[in-house]
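Colleague: Mind looking over this structure? Questions follow.
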Amino acid sequence: MTNDVHALEAINVGRRFRRKWALRDCTLTIPRGRVSALVGPNGAGKSTLLRIAAGLIPPSTGSLKILGSDVMARPPDLVGRVGYLDQDRPSYSSFKVSEMLHFGRDSNPKWNSDVAIGNLARLNIPLDARVSELSGGQRAQVALTVCMAKMPELLLLDEPAAALDPVAREDLLRLLMKEVADSGSSVILSTHSMGDVSSVCDYVVILSNSRVVLANDIEFVLESHRFLSSDRKLNMPLPNGAIALEDHHSAHETSVLARIELPLMDSTWHIESPTLDEIVMAYLRLDPSLDLEFNVAGELR
Amino acid sequence: MKWTAWRQQRSLIVAMTTVAAIAAVLLILLGRHESELWRNYLANPCKGNVRASTKYQNVCAGRLQAVLNVGQFNRIATIFGLLVGPLFGSILGVNAVARELEAGTTRLAWTQSYSRPRWLMSKLSVNGAFLAAIFVPLCLIYDWWNKVAHYSARISPSGFPISGFLPLIYSVVAFSSVVLLGLYLRRAGWSLVTGLLLIAVVVFAVEIGIRPILVSPQFAVVSSSELTQTSSSGFYSAGGIPSNSWSRGYGYAPKGIKVTPSAQMLSVYSNKLARCWNTLRGHSPGGYEYCIRHLRVENVALYVPDSDFWNLQLSESAIYLGFALLLTAGSVVRLRRMLA
């Protein structure tokens with residue numbers, strides 16, 4: 001497999017459940033070898049996109065390729081190259097932890113027992129405990145371990161750290177980072193936590209109202225957005241090349257979060273760097289009718 | 001995959017094996033007891049006839065009563081034999097598919113390194129092997145019990161479903177039905193209920209509509225004065241009809257008929273005889289005999305002999321297995337299309 005093959009390539013992917021679109025016109029490319037975050041509010045289509053990518057549901061429109069293969073064609077080897085962790089973290093509750101590993105070994109020819117047992121030992125999860133007796137965090141760890149020990153080239157994780165306490169969340173993310181570092185796998189995870197995005201991801205996709213509104217390197221996203229503030233009385237026009245995403249007005253000051261394509265040389269504006277959280281929130285608050293979307297190269301479409 | 005399929009069903013398999021083992025032991029004990037009672041009744045001095053000798057009338061009546069007293073246990077054993085196949089098959093089928101869909105663990109199973117049809121096939125093979133392992137001995141024990149208990153002829157409607165390999169076949173059909181229903185309904189309770197209803201309807205339809213046309217009945221002339229008491233096997237039989245047969249009905253047919261009369265013919269001549277007898281009733285004491293002679297008819301019985309048992313078993317099993325294969329093919333098609 002060549003490196004120019006993308007981890008995920010979606011062209012006009014849409015999914016409708018009865019009359020409601022859960023995901024619409026999703027055109028998106030996520031490069032390989034990255035830890036990518038899918039960010040968006042509830043109902044934005046994150047889980048739907050991941051389930052389509054995992055081959056669990058077919059798209060209603062468009063086509064989606066995973067690691068260069070069309071998921072609808074269901075090539076026999078593809079399902080073995082992709083690991084998927086559902087947001088409900090389903091597991092056989094009557095099984096012991098060791099039996100979950102047996103299930104993984106039974107179901108995957110590339111299963112790596114050393115990875116599985118090593119992860120669980122590091123997390124102090126006993127192999128003879130029943131899954132139903134584990135805490136939510138431990139269950140998530142076991143589910144992620146089963147997912148990772150199958151040695152997939154791409155991990156699709158649907159809110160892996162949701163509803164976990166800070167310690168469990170930290171452990172899970174550390175486990176994930178170790179896996180990525182060790183295996184070089186690509187990861188696409190959906191999350192509501194901007195802390196998770198900042199700490200483990202290097203690529204971000206923002207979904208809003210069932211559409212992709214931003215997909216790019218986090219570093220680039222941070223570099224290309226600025227808070228611009230000036231005296232309100234001056235009523236300054238925005239600098240050339242700046243696109244306002246959100247503005248705030250106080251009695252004396254106007255503050256604008258803007259996407260800026262070129263280095264800003266205008267000294268009449270006070271310039272500050274926004275956090276990723278602030279940028280994401282601005283995109284999520286955008287009026288859906290604006291249909292503002294940037295492609296991978298960072299150009300406005 | 002097979003290990004996972006086995007592990008998911010392990011508790012049920014242990015429970016069902018226990019139930020089947022207890023049933024088998026009870027059936028063996030019941031069979032031995034009944035065998036002894038029949039041996040007493042069929043031996044001297046009764047020889048299966050409570051009125052054979054006035055001297056031993058009380059003894060023979062007592063021995064017959066002892067045989068009849070275990071009838072309620074025979075009924076329970078028959079009902080269990082009828083229900084055990086569909087119940088075991090349905091419960092296993094529900095746990096294999098509908099419960100997994102309900103719990104959402106299909107999202108775990110269907111993202112492992114195998115296709116959905118292979119996932120289904122592993123379940124079918126493990127559960128099929130278990131059903132065969134449990135029902136082959138149970139079927140053999142039921143066959144033996146039915147033979148020694150003389151409760152119902154194995155080819156008769158009450159004996160046939162618990163004889164041969166039909167309990168195993170019923171369990172396979174029930175399993176396949178519930179698997180397909182589970183893939184549509186995604187709810188364990190509903191799948192179980194609708195699956196049991198479906199198997200009941202199918203079994204009833206086969207018994208009423210298909211089984212009678214799978215074998216051609218034979219006929220025998222019956223004389224009302226020749227009703228025998230008990231054959232050596234313990235079954236009552238009418239004159240001319242072999243014991244252990246499946247009686248398909250009585251009626252009247254032209255005297256000396258060489259080919260098996262149809263049920264319709266029996267009905268036509270029976271009606272003629274009834275009209276004749278009604279006309280003469282009250283006027284002539286020997287009206288019935290007169291009408292028989294006048295219309296030149298004789299009383300005949302249609303029956304299917306015990307020798308057709310295995311033909312019927314194989315034919316009916318083939319129909320059920322064909323139906324189970326269709327259901328399984330439907331499950332594979334549904335599985336490929338369905339959402340997780």
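As shown in the structure tokens, the chain order sets the letters A, B, ...; within each chain, residues go from 1, and ligands are also counted from 1 in the order they appear.
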For region 129-144 of chain A, list every protein, DNA or RNA residue within 10 Å, evaluated using only C-alpha atoms, and leave out those in the same chain fewer than 6 positions away; present the list as a ChimeraX atom specification.
Modeller: /A:83-101,116,119-120,123,155,157,160-169,171-173,175-176 /B:108
Colleague: Okay, now the selection with N, CA and C atoms, as a compact mmCIF listing (two decimals), in the first residue's frame?
Modeller:
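Result file follows (part.txt):
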```txt
# COMPACT_ATOMS: atom_id res chain seq x y z
N GLY A 83 -9.91 -1.22 12.61
CA GLY A 83 -10.46 -1.48 13.93
C GLY A 83 -11.53 -0.44 14.24
N TYR A 84 -12.63 -0.88 14.81
CA TYR A 84 -13.72 0.06 15.08
C TYR A 84 -14.17 -0.09 16.52
N LEU A 85 -14.26 1.03 17.21
CA LEU A 85 -14.77 1.03 18.58
C LEU A 85 -16.04 1.86 18.60
N ASP A 86 -17.17 1.21 18.85
CA ASP A 86 -18.45 1.90 18.86
C ASP A 86 -18.59 2.78 20.10
N GLN A 87 -19.42 3.81 20.00
CA GLN A 87 -19.57 4.71 21.15
C GLN A 87 -20.21 4.01 22.35
N ASP A 88 -20.97 2.94 22.11
CA ASP A 88 -21.55 2.18 23.23
C ASP A 88 -20.57 1.16 23.79
N ARG A 89 -19.44 1.02 23.15
CA ARG A 89 -18.40 0.06 23.55
C ARG A 89 -19.00 -1.32 23.83
N PRO A 90 -19.67 -1.89 22.84
CA PRO A 90 -20.31 -3.18 23.08
C PRO A 90 -19.29 -4.27 23.40
N SER A 91 -19.63 -5.09 24.37
CA SER A 91 -18.77 -6.23 24.70
C SER A 91 -19.65 -7.32 25.29
N TYR A 92 -19.17 -8.53 25.26
CA TYR A 92 -19.96 -9.64 25.77
C TYR A 92 -19.88 -9.62 27.30
N SER A 93 -20.95 -9.19 27.92
CA SER A 93 -20.89 -8.94 29.36
C SER A 93 -20.72 -10.22 30.18
N SER A 94 -21.10 -11.35 29.61
CA SER A 94 -20.95 -12.59 30.38
C SER A 94 -19.53 -13.17 30.25
N PHE A 95 -18.72 -12.60 29.36
CA PHE A 95 -17.36 -13.10 29.16
C PHE A 95 -16.44 -12.57 30.25
N LYS A 96 -15.40 -13.34 30.53
CA LYS A 96 -14.30 -12.81 31.33
C LYS A 96 -13.41 -11.99 30.40
N VAL A 97 -12.54 -11.18 31.01
CA VAL A 97 -11.63 -10.37 30.19
C VAL A 97 -10.77 -11.28 29.31
N SER A 98 -10.28 -12.37 29.89
CA SER A 98 -9.45 -13.30 29.12
C SER A 98 -10.24 -13.89 27.95
N GLU A 99 -11.55 -14.05 28.16
CA GLU A 99 -12.37 -14.60 27.07
C GLU A 99 -12.61 -13.55 25.97
N MET A 100 -12.63 -12.28 26.36
CA MET A 100 -12.71 -11.24 25.32
C MET A 100 -11.45 -11.29 24.45
N LEU A 101 -10.31 -11.56 25.09
CA LEU A 101 -9.07 -11.68 24.31
C LEU A 101 -9.13 -12.94 23.43
N ALA A 116 -2.17 -7.15 23.62
CA ALA A 116 -3.40 -7.21 24.42
C ALA A 116 -3.08 -7.41 25.90
N ASN A 119 -1.15 -4.40 27.45
CA ASN A 119 -2.01 -3.23 27.74
C ASN A 119 -2.81 -3.44 29.01
N LEU A 120 -3.41 -4.61 29.13
CA LEU A 120 -4.28 -4.86 30.29
C LEU A 120 -3.46 -4.94 31.58
N LEU A 123 -2.67 -1.54 32.75
CA LEU A 123 -3.84 -0.85 33.30
C LEU A 123 -4.41 -1.57 34.53
N LEU A 155 -7.64 2.93 12.89
CA LEU A 155 -8.54 2.79 14.05
C LEU A 155 -9.65 3.84 13.95
N LEU A 157 -12.55 5.35 16.11
CA LEU A 157 -12.98 5.35 17.51
C LEU A 157 -14.10 6.36 17.70
N PRO A 160 -14.31 7.55 22.19
CA PRO A 160 -13.73 6.50 23.04
C PRO A 160 -13.64 6.89 24.51
N ALA A 161 -13.54 8.19 24.77
CA ALA A 161 -13.34 8.61 26.17
C ALA A 161 -14.60 9.20 26.78
N ALA A 162 -15.71 9.07 26.09
CA ALA A 162 -16.95 9.67 26.60
C ALA A 162 -17.34 9.02 27.93
N ALA A 163 -17.85 9.81 28.83
CA ALA A 163 -18.38 9.35 30.12
C ALA A 163 -17.32 8.69 31.01
N LEU A 164 -16.05 8.99 30.74
CA LEU A 164 -15.00 8.45 31.61
C LEU A 164 -14.54 9.54 32.58
N ASP A 165 -14.12 9.09 33.76
CA ASP A 165 -13.60 10.07 34.71
C ASP A 165 -12.21 10.52 34.22
N PRO A 166 -11.68 11.62 34.77
CA PRO A 166 -10.42 12.17 34.23
C PRO A 166 -9.27 11.17 34.22
N VAL A 167 -9.20 10.32 35.27
CA VAL A 167 -8.09 9.36 35.33
C VAL A 167 -8.24 8.31 34.23
N ALA A 168 -9.46 7.78 34.08
CA ALA A 168 -9.70 6.76 33.05
C ALA A 168 -9.48 7.34 31.66
N ARG A 169 -9.91 8.59 31.50
CA ARG A 169 -9.73 9.28 30.22
C ARG A 169 -8.25 9.42 29.89
N ASP A 171 -5.77 7.60 31.07
CA ASP A 171 -5.21 6.27 30.79
C ASP A 171 -5.53 5.82 29.37
N LEU A 172 -6.78 6.05 28.98
CA LEU A 172 -7.21 5.61 27.66
C LEU A 172 -6.46 6.35 26.56
N LEU A 173 -6.32 7.66 26.73
CA LEU A 173 -5.63 8.44 25.71
C LEU A 173 -4.15 8.08 25.65
N LEU A 175 -2.94 5.16 26.36
CA LEU A 175 -2.88 3.86 25.67
C LEU A 175 -2.98 4.06 24.15
N LEU A 176 -3.85 4.95 23.77
CA LEU A 176 -4.04 5.23 22.35
C LEU A 176 -2.77 5.81 21.73
N LEU B 108 -19.61 -5.09 17.44
CA LEU B 108 -18.28 -5.61 17.77
C LEU B 108 -17.96 -6.79 16.84
```
Colleague: Could you tell me which residues of chain B sit within 8 Å of chain A when counting only C-alpha atoms, and give me the result as a PyMOL selection string?
Modeller: chain B and resi 1-4+103-105+107-108+110-115+338-340
Colleague: Can you list, as a ChimeraX atom specification, every protein, DNA or RNA residue that comes within 12 Å of Phe135 (chain B) when you count only C-alpha atoms, leaving out same-chain residues fewer than 5 positions away?
Modeller: /B:16-17,19-21,23-24,81,84-86,88-89,127-130,140-143,162-172
Colleague: Let me see the file: selected residues, N, CA and C atoms, as a compact mmCIF listing (two decimals), in the first residue's frame.
Modeller:
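Heads up, here's the output in again-v1.txt:
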```txt
# COMPACT_ATOMS: atom_id res chain seq x y z
N MET B 16 -29.72 -26.83 28.65
CA MET B 16 -30.52 -27.71 27.77
C MET B 16 -30.04 -29.16 27.85
N THR B 17 -28.74 -29.33 27.96
CA THR B 17 -28.22 -30.69 28.09
C THR B 17 -28.73 -31.32 29.38
N VAL B 19 -31.54 -30.54 31.01
CA VAL B 19 -32.97 -30.84 30.85
C VAL B 19 -33.15 -32.11 30.01
N ALA B 20 -32.41 -32.18 28.91
CA ALA B 20 -32.54 -33.34 28.02
C ALA B 20 -32.10 -34.62 28.72
N ALA B 21 -31.03 -34.51 29.53
CA ALA B 21 -30.54 -35.70 30.24
C ALA B 21 -31.56 -36.18 31.26
N ALA B 23 -34.79 -35.62 31.15
CA ALA B 23 -35.92 -36.17 30.39
C ALA B 23 -35.60 -37.58 29.90
N ALA B 24 -34.36 -37.77 29.45
CA ALA B 24 -33.97 -39.08 28.93
C ALA B 24 -34.02 -40.14 30.04
N GLY B 81 -42.05 -34.25 24.16
CA GLY B 81 -41.41 -34.63 22.90
C GLY B 81 -41.80 -33.73 21.75
N VAL B 84 -40.09 -30.01 22.76
CA VAL B 84 -38.67 -29.82 23.08
C VAL B 84 -37.86 -29.35 21.87
N GLY B 85 -38.16 -29.88 20.70
CA GLY B 85 -37.41 -29.48 19.50
C GLY B 85 -37.61 -28.01 19.16
N PRO B 86 -38.88 -27.59 18.95
CA PRO B 86 -39.10 -26.18 18.65
C PRO B 86 -38.59 -25.24 19.74
N PHE B 88 -36.11 -25.70 22.12
CA PHE B 88 -34.65 -25.63 22.18
C PHE B 88 -34.10 -24.88 20.97
N GLY B 89 -34.62 -25.21 19.79
CA GLY B 89 -34.15 -24.55 18.57
C GLY B 89 -34.40 -23.05 18.61
N ASN B 127 -24.42 -24.38 16.61
CA ASN B 127 -25.74 -24.71 17.16
C ASN B 127 -26.32 -25.96 16.52
N GLY B 128 -26.06 -26.12 15.22
CA GLY B 128 -26.52 -27.32 14.53
C GLY B 128 -25.87 -28.57 15.10
N ALA B 129 -24.57 -28.47 15.37
CA ALA B 129 -23.85 -29.62 15.94
C ALA B 129 -24.40 -29.95 17.33
N PHE B 130 -24.69 -28.91 18.11
CA PHE B 130 -25.24 -29.15 19.45
C PHE B 130 -26.62 -29.80 19.36
N LEU B 140 -33.67 -41.40 19.67
CA LEU B 140 -33.56 -42.86 19.80
C LEU B 140 -34.29 -43.34 21.06
N ILE B 141 -34.14 -42.57 22.14
CA ILE B 141 -34.81 -42.94 23.39
C ILE B 141 -36.34 -42.83 23.22
N TYR B 142 -36.78 -41.76 22.55
CA TYR B 142 -38.23 -41.61 22.32
C TYR B 142 -38.78 -42.76 21.49
N ASP B 143 -38.00 -43.16 20.46
CA ASP B 143 -38.44 -44.30 19.62
C ASP B 143 -38.61 -45.56 20.46
N ILE B 162 -43.05 -37.33 17.35
CA ILE B 162 -42.04 -37.61 18.38
C ILE B 162 -41.23 -38.86 18.02
N SER B 163 -41.40 -39.32 16.79
CA SER B 163 -40.69 -40.53 16.37
C SER B 163 -39.67 -40.21 15.29
N GLY B 164 -38.81 -41.20 15.03
CA GLY B 164 -37.77 -41.01 14.01
C GLY B 164 -36.90 -39.83 14.40
N PHE B 165 -36.64 -38.95 13.42
CA PHE B 165 -35.77 -37.81 13.70
C PHE B 165 -36.51 -36.48 13.62
N LEU B 166 -37.84 -36.54 13.69
CA LEU B 166 -38.60 -35.29 13.56
C LEU B 166 -38.32 -34.28 14.69
N PRO B 167 -38.14 -34.72 15.96
CA PRO B 167 -37.81 -33.71 16.98
C PRO B 167 -36.55 -32.92 16.62
N LEU B 168 -35.54 -33.61 16.08
CA LEU B 168 -34.31 -32.93 15.64
C LEU B 168 -34.63 -31.98 14.49
N ILE B 169 -35.41 -32.45 13.54
CA ILE B 169 -35.75 -31.62 12.37
C ILE B 169 -36.53 -30.39 12.82
N TYR B 170 -37.47 -30.57 13.73
CA TYR B 170 -38.24 -29.42 14.24
C TYR B 170 -37.31 -28.39 14.88
N SER B 171 -36.31 -28.88 15.62
CA SER B 171 -35.40 -27.94 16.30
C SER B 171 -34.60 -27.15 15.27
N VAL B 172 -34.21 -27.80 14.18
CA VAL B 172 -33.43 -27.11 13.14
C VAL B 172 -34.30 -26.06 12.44
```
Colleague: As a compact mmCIF listing (two decimals) with N, CA and C atoms, in the first residue's frame, please: the residues near region 218-229 of chain A (cut-off 7 Å, only C-alpha atoms, same-chain neighbours under 2 positions excluded).
Modeller:
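Final output, saved to part_30.txt:
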```txt
# COMPACT_ATOMS: atom_id res chain seq x y z
N ASP A 202 -3.64 15.51 15.59
CA ASP A 202 -2.91 16.47 14.78
C ASP A 202 -3.69 16.87 13.52
N TYR A 203 -4.93 16.44 13.44
CA TYR A 203 -5.77 16.77 12.29
C TYR A 203 -7.19 16.90 12.82
N VAL A 204 -7.93 17.86 12.31
CA VAL A 204 -9.28 18.05 12.84
C VAL A 204 -10.29 18.18 11.69
N ASN A 216 -8.59 20.04 8.41
CA ASN A 216 -7.21 20.46 8.16
C ASN A 216 -6.29 20.08 9.33
N GLU A 253 -15.24 48.19 22.20
CA GLU A 253 -14.35 47.38 21.37
C GLU A 253 -15.13 46.41 20.47
N THR A 254 -14.57 46.19 19.29
CA THR A 254 -15.09 45.16 18.39
C THR A 254 -14.04 44.06 18.32
N SER A 255 -14.48 42.85 18.51
CA SER A 255 -13.54 41.72 18.46
C SER A 255 -14.06 40.71 17.44
N VAL A 256 -13.20 40.30 16.54
CA VAL A 256 -13.60 39.40 15.45
C VAL A 256 -12.67 38.18 15.44
N LEU A 257 -13.27 37.00 15.39
CA LEU A 257 -12.46 35.81 15.15
C LEU A 257 -12.48 35.59 13.64
N ALA A 258 -11.30 35.65 13.03
CA ALA A 258 -11.26 35.61 11.56
C ALA A 258 -10.29 34.55 11.08
N ARG A 259 -10.63 34.03 9.93
CA ARG A 259 -9.71 33.14 9.23
C ARG A 259 -8.86 34.02 8.33
N ILE A 260 -7.54 33.87 8.46
CA ILE A 260 -6.63 34.76 7.75
C ILE A 260 -5.69 33.91 6.90
N GLU A 261 -5.71 34.17 5.61
CA GLU A 261 -4.93 33.35 4.69
C GLU A 261 -3.46 33.79 4.66
N TRP A 269 -5.11 46.80 14.00
CA TRP A 269 -5.85 45.78 14.74
C TRP A 269 -4.96 45.19 15.82
N HIS A 270 -5.56 44.93 16.95
CA HIS A 270 -4.85 44.21 18.00
C HIS A 270 -5.06 42.71 17.72
N ILE A 271 -3.97 41.96 17.63
CA ILE A 271 -4.06 40.56 17.17
C ILE A 271 -3.72 39.60 18.30
N GLU A 272 -4.58 38.57 18.46
CA GLU A 272 -4.32 37.52 19.46
C GLU A 272 -4.58 36.15 18.84
N SER A 273 -3.89 35.16 19.36
CA SER A 273 -4.11 33.79 18.85
C SER A 273 -5.25 33.13 19.63
N PRO A 274 -6.22 32.59 18.92
CA PRO A 274 -7.30 31.89 19.62
C PRO A 274 -6.87 30.46 19.97
N LEU A 276 -7.78 26.35 20.07
CA LEU A 276 -8.49 25.45 19.15
C LEU A 276 -9.98 25.39 19.52
```
Colleague: When you draw a straight line from CA of Val212 (chain A) to CA of Thr27 (chain A), how long is it in Å?
Modeller: 7.3 Å
Colleague: Which one of A:Glu9, A:Asp114, A:Asp277, A:Asp25 sits closest to Val197 (chain A) if you count only C-alpha atoms?
Modeller: A:Asp277
Colleague: Pull the alpha helix (DSSP H) assignments for region 38-114 of chain A out of DSSP run on the backbone, and list those residues as a PyMOL selection string.
Modeller: chain A and resi 46-53+78-81+97-107+113-114
Colleague: Residues at most 7 Å from region 63-67 of chain B, counting only C-alpha atoms, excluding those fewer than 3 positions away in the same chain, as JSON, numbers by chain?
Modeller: {"B": [34, 37, 38, 40, 41, 59, 60, 70]}
Colleague: Write out the residues from the selection above, keeping C-alpha atoms, as a short mmCIF file (atom, residue, chain, number, x, y, z; two decimals), in the first residue's frame.
Modeller:
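Listing of selection-v7.cif after writing:
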```
data_model
loop_
_atom_site.label_atom_id
_atom_site.label_comp_id
_atom_site.auth_asym_id
_atom_site.auth_seq_id
_atom_site.Cartn_x
_atom_site.Cartn_y
_atom_site.Cartn_z
CA GLU B 34 -44.45 -49.62 31.23
CA LEU B 37 -46.76 -53.62 32.98
CA TRP B 38 -47.47 -54.57 29.37
CA ASN B 40 -47.77 -58.73 32.65
CA TYR B 41 -50.92 -57.80 30.79
CA VAL B 59 -56.59 -60.02 37.84
CA CYS B 60 -56.65 -58.95 34.19
CA VAL B 70 -49.47 -44.42 33.55
#
```
Colleague: Apply DSSP to the structure's backbone, then extract all residues of region 119-228 of chain B labelled strand (DSSP E or B) and return them as number ranges by chain.
Modeller: B: 218-221
Colleague: Just the selected residues (N, CA and C atoms), exported as a tab-separated table (two decimals), in the first residue's frame, please.
Modeller:
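Result written to again-v9.tsv:
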```tsv
chain	number	residue	atom	x	y	z
B	218	GLN	N	-53.57	-47.63	2.03
B	218	GLN	CA	-54.07	-48.93	1.59
B	218	GLN	C	-55.46	-49.11	2.20
B	219	PHE	N	-56.15	-50.17	1.75
B	219	PHE	CA	-57.49	-50.36	2.34
B	219	PHE	C	-57.67	-51.81	2.74
B	220	ALA	N	-58.61	-51.99	3.65
B	220	ALA	CA	-58.94	-53.34	4.11
B	220	ALA	C	-60.43	-53.40	4.36
B	221	VAL	N	-60.99	-54.55	4.06
B	221	VAL	CA	-62.41	-54.74	4.33
B	221	VAL	C	-62.56	-55.02	5.81
```
Colleague: Show which residues sit within 10 Å of Asn74 (chain B), as a ChimeraX atom specification. Count only C-alpha atoms, and ignore same-chain residues fewer than 2 positions away.
Modeller: /B:27,30-31,34,68-72,76-80,145-146,149-152
Colleague: Do you know which residues are at most 8 Å from region 181-187 of chain B counting only C-alpha atoms, after dropping those on the same chain fewer than 2 positions away, and could you put them as number ranges by chain?
Modeller: B: 94, 97-99, 101-102, 177-179, 189-191, 194-195, 331, 334-335
Colleague: Keeping only N, CA and C atoms, take the residues you just selected and write them out as a short mmCIF file (atom, residue, chain, number, x, y, z; two decimals), in the first residue's frame.
Modeller:
```
data_model
loop_
_atom_site.label_atom_id
_atom_site.label_comp_id
_atom_site.auth_asym_id
_atom_site.auth_seq_id
_atom_site.Cartn_x
_atom_site.Cartn_y
_atom_site.Cartn_z
N VAL B 94 -32.66 -17.44 19.15
CA VAL B 94 -32.84 -16.09 19.70
C VAL B 94 -31.55 -15.60 20.33
N VAL B 97 -28.75 -14.69 17.59
CA VAL B 97 -28.83 -13.53 16.69
C VAL B 97 -29.60 -12.35 17.31
N ALA B 98 -30.87 -12.57 17.65
CA ALA B 98 -31.69 -11.43 18.10
C ALA B 98 -31.11 -10.78 19.35
N ARG B 99 -30.67 -11.61 20.29
CA ARG B 99 -30.14 -11.04 21.53
C ARG B 99 -28.86 -10.26 21.26
N LEU B 101 -28.15 -8.70 18.45
CA LEU B 101 -28.55 -7.44 17.82
C LEU B 101 -29.11 -6.47 18.87
N GLU B 102 -29.88 -7.02 19.79
CA GLU B 102 -30.49 -6.20 20.84
C GLU B 102 -29.42 -5.57 21.74
N SER B 177 -35.83 -20.43 11.64
CA SER B 177 -36.91 -19.44 11.62
C SER B 177 -36.59 -18.28 12.53
N VAL B 178 -36.16 -18.61 13.74
CA VAL B 178 -35.93 -17.56 14.73
C VAL B 178 -34.72 -16.71 14.36
N VAL B 179 -33.73 -17.32 13.72
CA VAL B 179 -32.57 -16.54 13.26
C VAL B 179 -33.02 -15.50 12.24
N GLY B 189 -37.50 -11.14 22.54
CA GLY B 189 -38.83 -11.61 22.95
C GLY B 189 -39.75 -11.80 21.76
N TRP B 190 -39.79 -10.78 20.91
CA TRP B 190 -40.67 -10.87 19.74
C TRP B 190 -40.24 -11.99 18.81
N SER B 191 -38.93 -12.14 18.64
CA SER B 191 -38.44 -13.19 17.74
C SER B 191 -38.84 -14.56 18.26
N THR B 194 -42.84 -14.98 17.85
CA THR B 194 -43.25 -15.15 16.45
C THR B 194 -42.64 -16.42 15.86
N GLY B 195 -41.43 -16.76 16.30
CA GLY B 195 -40.80 -17.98 15.81
C GLY B 195 -41.59 -19.22 16.23
N SER B 331 -31.72 -15.52 5.50
CA SER B 331 -30.93 -14.86 6.56
C SER B 331 -29.64 -14.28 5.98
N ARG B 334 -30.52 -11.18 3.99
CA ARG B 334 -30.88 -10.10 4.92
C ARG B 334 -29.64 -9.53 5.62
N LEU B 335 -28.75 -10.44 6.00
CA LEU B 335 -27.54 -10.06 6.74
C LEU B 335 -26.65 -9.15 5.90
#
```
Colleague: How many Å separate CA of Val203 (chain B) from CA of Phe323 (chain B)?
Modeller: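 Distance reported for this atom pair: 11.5 Å.
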